[in-house]
Amino acid sequence: MDNSNVIINENSATEKLELIAEKIRRCKRCDLWKTKTNYVPGEGSGYSGIVFVGEAPGREEDIQGRPFVGNAGKLLTEMIEEKLGLKRNQVFIANVLKCRPPNNRDPLPEEVEACKPYLFEQLKILKPSVIVCLGRHSASLIFNHFNLTFPGITRIRGKPFEIAVEWGKLRLIAIYHPAAALYRPQLKEHLEKDFSKLKEFVRMDKKSSKNKLGLKTKNKTLKDFFSELL
Ligand code: URA
């Protein structure tokens, strides 16, 4: 199979994502750059078609410049690997805010306004088929952006929504933030259940005959497809 197209497309997506990351690392659109240690643009790949969106970097993320690398990140990574059977670097992980709010306070509306174009630029490049919103801040921004009503995380968590977007079909699902599950262990059960739903999504997605790069895969799963390239 001639796979030169895939490599060129994937490289150009990676390059475009890196250009956005560079732009983020120079950002002064709100005051958070003054108190942050590192910008946290996001990381991973578009291979699986799944993007996880959290709220904002915490202490550990601020130190390392990487998303979800603290305790909540350990839980998220565990769920991605154990429940979805994917490697962390096969999904893309980003946040609504790219800088840590002091003392992990909630994002301010003006900070979300200033920062959100970066996230939507990243999504346009990644063209995901599934966006998983982690917690209410992420869900409210993303649902509103795609003209869906957001009635609150408790009411919609675990419910999949399918919409048509400029790059095709997009499934949105909001789940509890992993940090919430760490503080309130009774939420962990919900989180695990919702991840199992997510697994069905991913499987559905793998059945699709076209991957997000627009290349026919003859009903192979994306995993099969890319493992053939290695
Ligand atoms: N919580 C988030 O919302 N994002 C991170 O990157 C880490 C913790």
# chains A, B, ... in the order shown; residues from 1 in each chain; ligands from 1
>>> closest_atom_pairs(of="chain A", to="ligand 1", cutoff="10 Å", atoms="only C-alpha atoms and all ligand atoms", output="JSON lines")
{"residue": "A:Val40", "atom": "CA", "partner": "ligand 1", "partner_atom_place_in_ligand_line": "6 (O)", "distance": 7.7}
{"residue": "A:Pro41", "atom": "CA", "partner": "ligand 1", "partner_atom_place_in_ligand_line": "6 (O)", "distance": 9.6}
{"residue": "A:Gly42", "atom": "CA", "partner": "ligand 1", "partner_atom_place_in_ligand_line": "6 (O)", "distance": 8.2}
{"residue": "A:Phe52", "atom": "CA", "partner": "ligand 1", "partner_atom_place_in_ligand_line": "4 (N)", "distance": 9.8}
{"residue": "A:Val53", "atom": "CA", "partner": "ligand 1", "partner_atom_place_in_ligand_line": "3 (O)", "distance": 7.6}
{"residue": "A:Gly54", "atom": "CA", "partner": "ligand 1", "partner_atom_place_in_ligand_line": "3 (O)", "distance": 3.8}
{"residue": "A:Glu55", "atom": "CA", "partner": "ligand 1", "partner_atom_place_in_ligand_line": "3 (O)", "distance": 3.5}
{"residue": "A:Ala56", "atom": "CA", "partner": "ligand 1", "partner_atom_place_in_ligand_line": "3 (O)", "distance": 4.4}
{"residue": "A:Pro57", "atom": "CA", "partner": "ligand 1", "partner_atom_place_in_ligand_line": "6 (O)", "distance": 4.0}
{"residue": "A:Gly58", "atom": "CA", "partner": "ligand 1", "partner_atom_place_in_ligand_line": "7 (C)", "distance": 5.0}
{"residue": "A:Arg59", "atom": "CA", "partner": "ligand 1", "partner_atom_place_in_ligand_line": "7 (C)", "distance": 8.0}
{"residue": "A:Glu60", "atom": "CA", "partner": "ligand 1", "partner_atom_place_in_ligand_line": "7 (C)", "distance": 7.8}
{"residue": "A:Glu61", "atom": "CA", "partner": "ligand 1", "partner_atom_place_in_ligand_line": "6 (O)", "distance": 5.8}
{"residue": "A:Asp62", "atom": "CA", "partner": "ligand 1", "partner_atom_place_in_ligand_line": "6 (O)", "distance": 8.5}
{"residue": "A:Gly65", "atom": "CA", "partner": "ligand 1", "partner_atom_place_in_ligand_line": "6 (O)", "distance": 9.2}
{"residue": "A:Arg66", "atom": "CA", "partner": "ligand 1", "partner_atom_place_in_ligand_line": "6 (O)", "distance": 7.0}
{"residue": "A:Pro67", "atom": "CA", "partner": "ligand 1", "partner_atom_place_in_ligand_line": "6 (O)", "distance": 3.7}
{"residue": "A:Phe68", "atom": "CA", "partner": "ligand 1", "partner_atom_place_in_ligand_line": "6 (O)", "distance": 3.8}
{"residue": "A:Val69", "atom": "CA", "partner": "ligand 1", "partner_atom_place_in_ligand_line": "7 (C)", "distance": 6.7}
{"residue": "A:Gly70", "atom": "CA", "partner": "ligand 1", "partner_atom_place_in_ligand_line": "7 (C)", "distance": 6.5}
{"residue": "A:Asn71", "atom": "CA", "partner": "ligand 1", "partner_atom_place_in_ligand_line": "8 (C)", "distance": 8.0}
{"residue": "A:Ala72", "atom": "CA", "partner": "ligand 1", "partner_atom_place_in_ligand_line": "8 (C)", "distance": 5.8}
{"residue": "A:Gly73", "atom": "CA", "partner": "ligand 1", "partner_atom_place_in_ligand_line": "7 (C)", "distance": 6.1}
{"residue": "A:Lys74", "atom": "CA", "partner": "ligand 1", "partner_atom_place_in_ligand_line": "7 (C)", "distance": 9.8}
{"residue": "A:Leu76", "atom": "CA", "partner": "ligand 1", "partner_atom_place_in_ligand_line": "8 (C)", "distance": 9.6}
{"residue": "A:Ile93", "atom": "CA", "partner": "ligand 1", "partner_atom_place_in_ligand_line": "6 (O)", "distance": 8.1}
{"residue": "A:Ala94", "atom": "CA", "partner": "ligand 1", "partner_atom_place_in_ligand_line": "6 (O)", "distance": 7.0}
{"residue": "A:Asn95", "atom": "CA", "partner": "ligand 1", "partner_atom_place_in_ligand_line": "4 (N)", "distance": 5.7}
{"residue": "A:Val96", "atom": "CA", "partner": "ligand 1", "partner_atom_place_in_ligand_line": "3 (O)", "distance": 7.9}
{"residue": "A:Leu97", "atom": "CA", "partner": "ligand 1", "partner_atom_place_in_ligand_line": "4 (N)", "distance": 8.5}
{"residue": "A:Lys98", "atom": "CA", "partner": "ligand 1", "partner_atom_place_in_ligand_line": "6 (O)", "distance": 8.7}
{"residue": "A:Cys99", "atom": "CA", "partner": "ligand 1", "partner_atom_place_in_ligand_line": "6 (O)", "distance": 9.5}
{"residue": "A:Arg100", "atom": "CA", "partner": "ligand 1", "partner_atom_place_in_ligand_line": "6 (O)", "distance": 8.8}
{"residue": "A:Asn104", "atom": "CA", "partner": "ligand 1", "partner_atom_place_in_ligand_line": "1 (N)", "distance": 8.9}
{"residue": "A:Cys133", "atom": "CA", "partner": "ligand 1", "partner_atom_place_in_ligand_line": "3 (O)", "distance": 9.8}
{"residue": "A:Leu134", "atom": "CA", "partner": "ligand 1", "partner_atom_place_in_ligand_line": "3 (O)", "distance": 7.1}
{"residue": "A:Gly135", "atom": "CA", "partner": "ligand 1", "partner_atom_place_in_ligand_line": "3 (O)", "distance": 7.7}
{"residue": "A:His137", "atom": "CA", "partner": "ligand 1", "partner_atom_place_in_ligand_line": "3 (O)", "distance": 8.7}
{"residue": "A:Ser138", "atom": "CA", "partner": "ligand 1", "partner_atom_place_in_ligand_line": "3 (O)", "distance": 8.3}
{"residue": "A:His177", "atom": "CA", "partner": "ligand 1", "partner_atom_place_in_ligand_line": "3 (O)", "distance": 7.2}
{"residue": "A:Pro178", "atom": "CA", "partner": "ligand 1", "partner_atom_place_in_ligand_line": "1 (N)", "distance": 7.8}
{"residue": "A:Ala179", "atom": "CA", "partner": "ligand 1", "partner_atom_place_in_ligand_line": "1 (N)", "distance": 6.7}
{"residue": "A:Ala180", "atom": "CA", "partner": "ligand 1", "partner_atom_place_in_ligand_line": "1 (N)", "distance": 9.6}
>>> residues_around(residues="range 169-176 of chain A", least_positions_apart="3", cutoff="10 Å", atoms="only C-alpha atoms", output="number ranges by chain")
A: 49-53, 127-136, 138-140, 142-143, 146, 148, 150, 152-166, 179-181, 187-188, 190-195, 197-198, 201, 205, 212
>>> write_last_selection(atoms="N, CA and C atoms", output="short mmCIF file (atom, residue, chain, number, x, y, z; two decimals), in the first residue's frame")
data_model
loop_
_atom_site.label_atom_id
_atom_site.label_comp_id
_atom_site.auth_asym_id
_atom_site.auth_seq_id
_atom_site.Cartn_x
_atom_site.Cartn_y
_atom_site.Cartn_z
N GLY A 49 -8.37 9.63 16.65
CA GLY A 49 -9.54 10.48 16.41
C GLY A 49 -10.20 10.96 17.70
N ILE A 50 -9.56 10.71 18.85
CA ILE A 50 -10.16 11.09 20.13
C ILE A 50 -9.37 12.23 20.76
N VAL A 51 -10.09 13.26 21.19
CA VAL A 51 -9.46 14.38 21.90
C VAL A 51 -10.11 14.51 23.28
N PHE A 52 -9.28 14.55 24.32
CA PHE A 52 -9.76 14.80 25.69
C PHE A 52 -9.50 16.27 26.01
N VAL A 53 -10.50 16.94 26.54
CA VAL A 53 -10.32 18.35 26.90
C VAL A 53 -10.61 18.55 28.39
N LYS A 127 -9.26 17.42 13.67
CA LYS A 127 -10.49 16.88 13.08
C LYS A 127 -10.97 15.62 13.82
N PRO A 128 -11.19 15.70 15.12
CA PRO A 128 -11.51 14.48 15.86
C PRO A 128 -12.89 13.94 15.50
N SER A 129 -13.08 12.64 15.71
CA SER A 129 -14.43 12.09 15.58
C SER A 129 -15.08 11.98 16.96
N VAL A 130 -14.29 12.06 18.02
CA VAL A 130 -14.84 12.04 19.38
C VAL A 130 -14.13 13.10 20.23
N ILE A 131 -14.92 13.96 20.89
CA ILE A 131 -14.33 14.87 21.88
C ILE A 131 -14.89 14.49 23.24
N VAL A 132 -14.00 14.23 24.18
CA VAL A 132 -14.42 13.88 25.54
C VAL A 132 -14.15 15.10 26.42
N CYS A 133 -15.22 15.69 26.94
CA CYS A 133 -15.08 16.87 27.80
C CYS A 133 -14.94 16.39 29.24
N LEU A 134 -13.84 16.79 29.87
CA LEU A 134 -13.58 16.37 31.24
C LEU A 134 -14.04 17.48 32.18
N GLY A 135 -15.20 17.29 32.77
CA GLY A 135 -15.70 18.26 33.74
C GLY A 135 -16.53 19.38 33.11
N ARG A 136 -17.12 20.20 34.01
CA ARG A 136 -18.13 21.17 33.55
C ARG A 136 -17.56 22.34 32.77
N SER A 138 -14.99 22.47 30.71
CA SER A 138 -14.73 22.02 29.35
C SER A 138 -16.05 21.76 28.62
N ALA A 139 -16.96 21.04 29.28
CA ALA A 139 -18.23 20.67 28.64
C ALA A 139 -19.04 21.91 28.29
N SER A 140 -19.09 22.87 29.21
CA SER A 140 -19.93 24.03 28.92
C SER A 140 -19.36 24.81 27.72
N ILE A 142 -17.44 23.65 25.21
CA ILE A 142 -17.50 22.91 23.94
C ILE A 142 -18.95 22.70 23.47
N PHE A 143 -19.82 22.38 24.40
CA PHE A 143 -21.23 22.21 24.01
C PHE A 143 -21.78 23.52 23.45
N PHE A 146 -20.59 24.27 19.93
CA PHE A 146 -21.24 23.49 18.88
C PHE A 146 -22.77 23.61 18.94
N LEU A 148 -24.95 23.28 21.29
CA LEU A 148 -25.73 22.30 22.06
C LEU A 148 -25.98 22.90 23.44
N PHE A 150 -26.12 23.11 27.31
CA PHE A 150 -25.40 22.43 28.38
C PHE A 150 -26.17 22.61 29.70
N GLY A 152 -25.73 21.19 32.55
CA GLY A 152 -24.97 20.86 33.77
C GLY A 152 -24.39 19.46 33.64
N ILE A 153 -23.23 19.29 34.25
CA ILE A 153 -22.49 18.03 34.06
C ILE A 153 -23.25 16.82 34.62
N THR A 154 -23.93 16.99 35.76
CA THR A 154 -24.62 15.84 36.36
C THR A 154 -25.73 15.34 35.45
N ARG A 155 -26.38 16.28 34.74
CA ARG A 155 -27.50 15.87 33.88
C ARG A 155 -27.05 15.24 32.58
N ILE A 156 -25.91 15.65 32.06
CA ILE A 156 -25.58 15.10 30.73
C ILE A 156 -24.40 14.12 30.72
N ARG A 157 -23.77 13.93 31.86
CA ARG A 157 -22.58 13.08 31.84
C ARG A 157 -22.92 11.68 31.28
N GLY A 158 -22.01 11.21 30.45
CA GLY A 158 -22.18 9.87 29.90
C GLY A 158 -23.14 9.79 28.73
N LYS A 159 -23.79 10.91 28.37
CA LYS A 159 -24.73 10.85 27.24
C LYS A 159 -24.04 11.32 25.97
N PRO A 160 -23.98 10.44 24.99
CA PRO A 160 -23.30 10.83 23.73
C PRO A 160 -24.19 11.72 22.85
N PHE A 161 -23.59 12.71 22.24
CA PHE A 161 -24.28 13.59 21.28
C PHE A 161 -23.54 13.51 19.96
N GLU A 162 -24.31 13.37 18.89
CA GLU A 162 -23.66 13.29 17.57
C GLU A 162 -24.07 14.48 16.73
N ILE A 163 -23.10 15.19 16.21
CA ILE A 163 -23.42 16.36 15.39
C ILE A 163 -22.58 16.34 14.11
N ALA A 164 -23.03 17.16 13.15
CA ALA A 164 -22.24 17.30 11.91
C ALA A 164 -21.41 18.57 12.04
N VAL A 165 -20.13 18.46 11.78
CA VAL A 165 -19.25 19.63 11.83
C VAL A 165 -18.53 19.75 10.49
N GLU A 166 -17.72 20.77 10.35
CA GLU A 166 -17.12 21.03 9.04
C GLU A 166 -16.23 19.89 8.54
N ALA A 179 -10.19 14.52 38.47
CA ALA A 179 -9.85 15.07 39.79
C ALA A 179 -11.06 14.97 40.73
N ALA A 180 -12.26 15.17 40.17
CA ALA A 180 -13.47 15.07 40.99
C ALA A 180 -13.62 13.64 41.51
N ALA A 181 -13.28 12.68 40.64
CA ALA A 181 -13.39 11.27 41.05
C ALA A 181 -12.36 10.92 42.13
N LEU A 187 -17.78 9.00 42.70
CA LEU A 187 -17.86 9.43 41.29
C LEU A 187 -16.99 8.56 40.38
N LYS A 188 -16.03 7.86 41.00
CA LYS A 188 -15.11 7.05 40.20
C LYS A 188 -15.87 5.95 39.44
N HIS A 190 -18.91 6.16 38.31
CA HIS A 190 -19.53 6.79 37.14
C HIS A 190 -18.49 6.99 36.03
N LEU A 191 -17.32 7.43 36.46
CA LEU A 191 -16.26 7.69 35.49
C LEU A 191 -15.90 6.41 34.73
N GLU A 192 -15.79 5.31 35.49
CA GLU A 192 -15.46 4.03 34.85
C GLU A 192 -16.56 3.59 33.89
N LYS A 193 -17.81 3.77 34.33
CA LYS A 193 -18.94 3.39 33.49
C LYS A 193 -18.95 4.22 32.19
N ASP A 194 -18.68 5.51 32.34
CA ASP A 194 -18.68 6.39 31.16
C ASP A 194 -17.54 6.06 30.22
N PHE A 195 -16.42 5.64 30.77
CA PHE A 195 -15.30 5.23 29.92
C PHE A 195 -15.67 3.98 29.12
N LYS A 197 -18.61 3.34 28.04
CA LYS A 197 -19.43 3.84 26.92
C LYS A 197 -18.55 4.39 25.82
N LEU A 198 -17.53 5.05 26.27
CA LEU A 198 -16.59 5.66 25.34
C LEU A 198 -15.94 4.59 24.48
N PHE A 201 -18.02 3.83 21.60
CA PHE A 201 -17.84 4.92 20.64
C PHE A 201 -16.63 4.66 19.75
N ASP A 205 -16.31 3.92 15.91
CA ASP A 205 -15.49 4.76 15.07
C ASP A 205 -14.53 3.94 14.22
N LYS A 212 -9.87 9.67 9.62
CA LYS A 212 -10.03 11.12 9.64
C LYS A 212 -9.15 11.84 8.62
#
>>> residues_around(residues="range 12-29 of chain A", least_positions_apart="6", cutoff="10 Å", atoms="only C-alpha atoms", output="PyMOL selection string")
chain A and resi 6+38-46+98-99+110-111+113-115+118-119+121-127
>>> write_last_selection(atoms="C-alpha atoms", output="mmCIF file, in the first residue's frame")
data_model
loop_
_atom_site.group_PDB
_atom_site.id
_atom_site.type_symbol
_atom_site.label_atom_id
_atom_site.label_comp_id
_atom_site.auth_asym_id
_atom_site.auth_seq_id
_atom_site.Cartn_x
_atom_site.Cartn_y
_atom_site.Cartn_z
ATOM 1 C CA VAL A 6 -0.587 9.409 5.445
ATOM 2 C CA ASN A 38 5.170 26.924 31.874
ATOM 3 C CA TYR A 39 2.556 27.130 29.172
ATOM 4 C CA VAL A 40 0.720 23.815 28.653
ATOM 5 C CA PRO A 41 -0.409 23.713 24.993
ATOM 6 C CA GLY A 42 -1.484 20.044 24.970
ATOM 7 C CA GLU A 43 0.046 16.851 23.591
ATOM 8 C CA GLY A 44 -0.599 13.583 21.818
ATOM 9 C CA SER A 45 -1.715 12.680 18.323
ATOM 10 C CA GLY A 46 -4.800 12.561 16.161
ATOM 11 C CA LYS A 98 -3.195 26.789 28.567
ATOM 12 C CA CYS A 99 -1.868 28.412 31.772
ATOM 13 C CA GLU A 110 -12.396 36.473 30.401
ATOM 14 C CA GLU A 111 -9.565 33.911 30.590
ATOM 15 C CA GLU A 113 -12.650 33.921 26.131
ATOM 16 C CA ALA A 114 -8.999 34.849 25.586
ATOM 17 C CA CYS A 115 -7.719 31.265 25.461
ATOM 18 C CA TYR A 118 -6.217 28.055 20.659
ATOM 19 C CA LEU A 119 -8.313 25.017 21.540
ATOM 20 C CA GLU A 121 -7.602 25.918 16.247
ATOM 21 C CA GLN A 122 -6.188 22.654 17.611
ATOM 22 C CA LEU A 123 -9.510 20.878 17.007
ATOM 23 C CA LYS A 124 -9.686 22.130 13.409
ATOM 24 C CA ILE A 125 -6.329 20.531 12.727
ATOM 25 C CA LEU A 126 -7.014 17.327 14.630
ATOM 26 C CA LYS A 127 -10.493 16.883 13.084
#
>>> atom_distance(atom1="CA of Leu84 in chain A", atom2="CA of Glu200 in chain A")
9.0 Å
>>> select_by_dssp(residues="range 5-224 of chain A", states="alpha helix (DSSP H)", output="PyMOL selection string")
chain A and resi 5-24+32-35+59-64+71-82+109-126+136-145+153-156+178-183+185-207+222-224
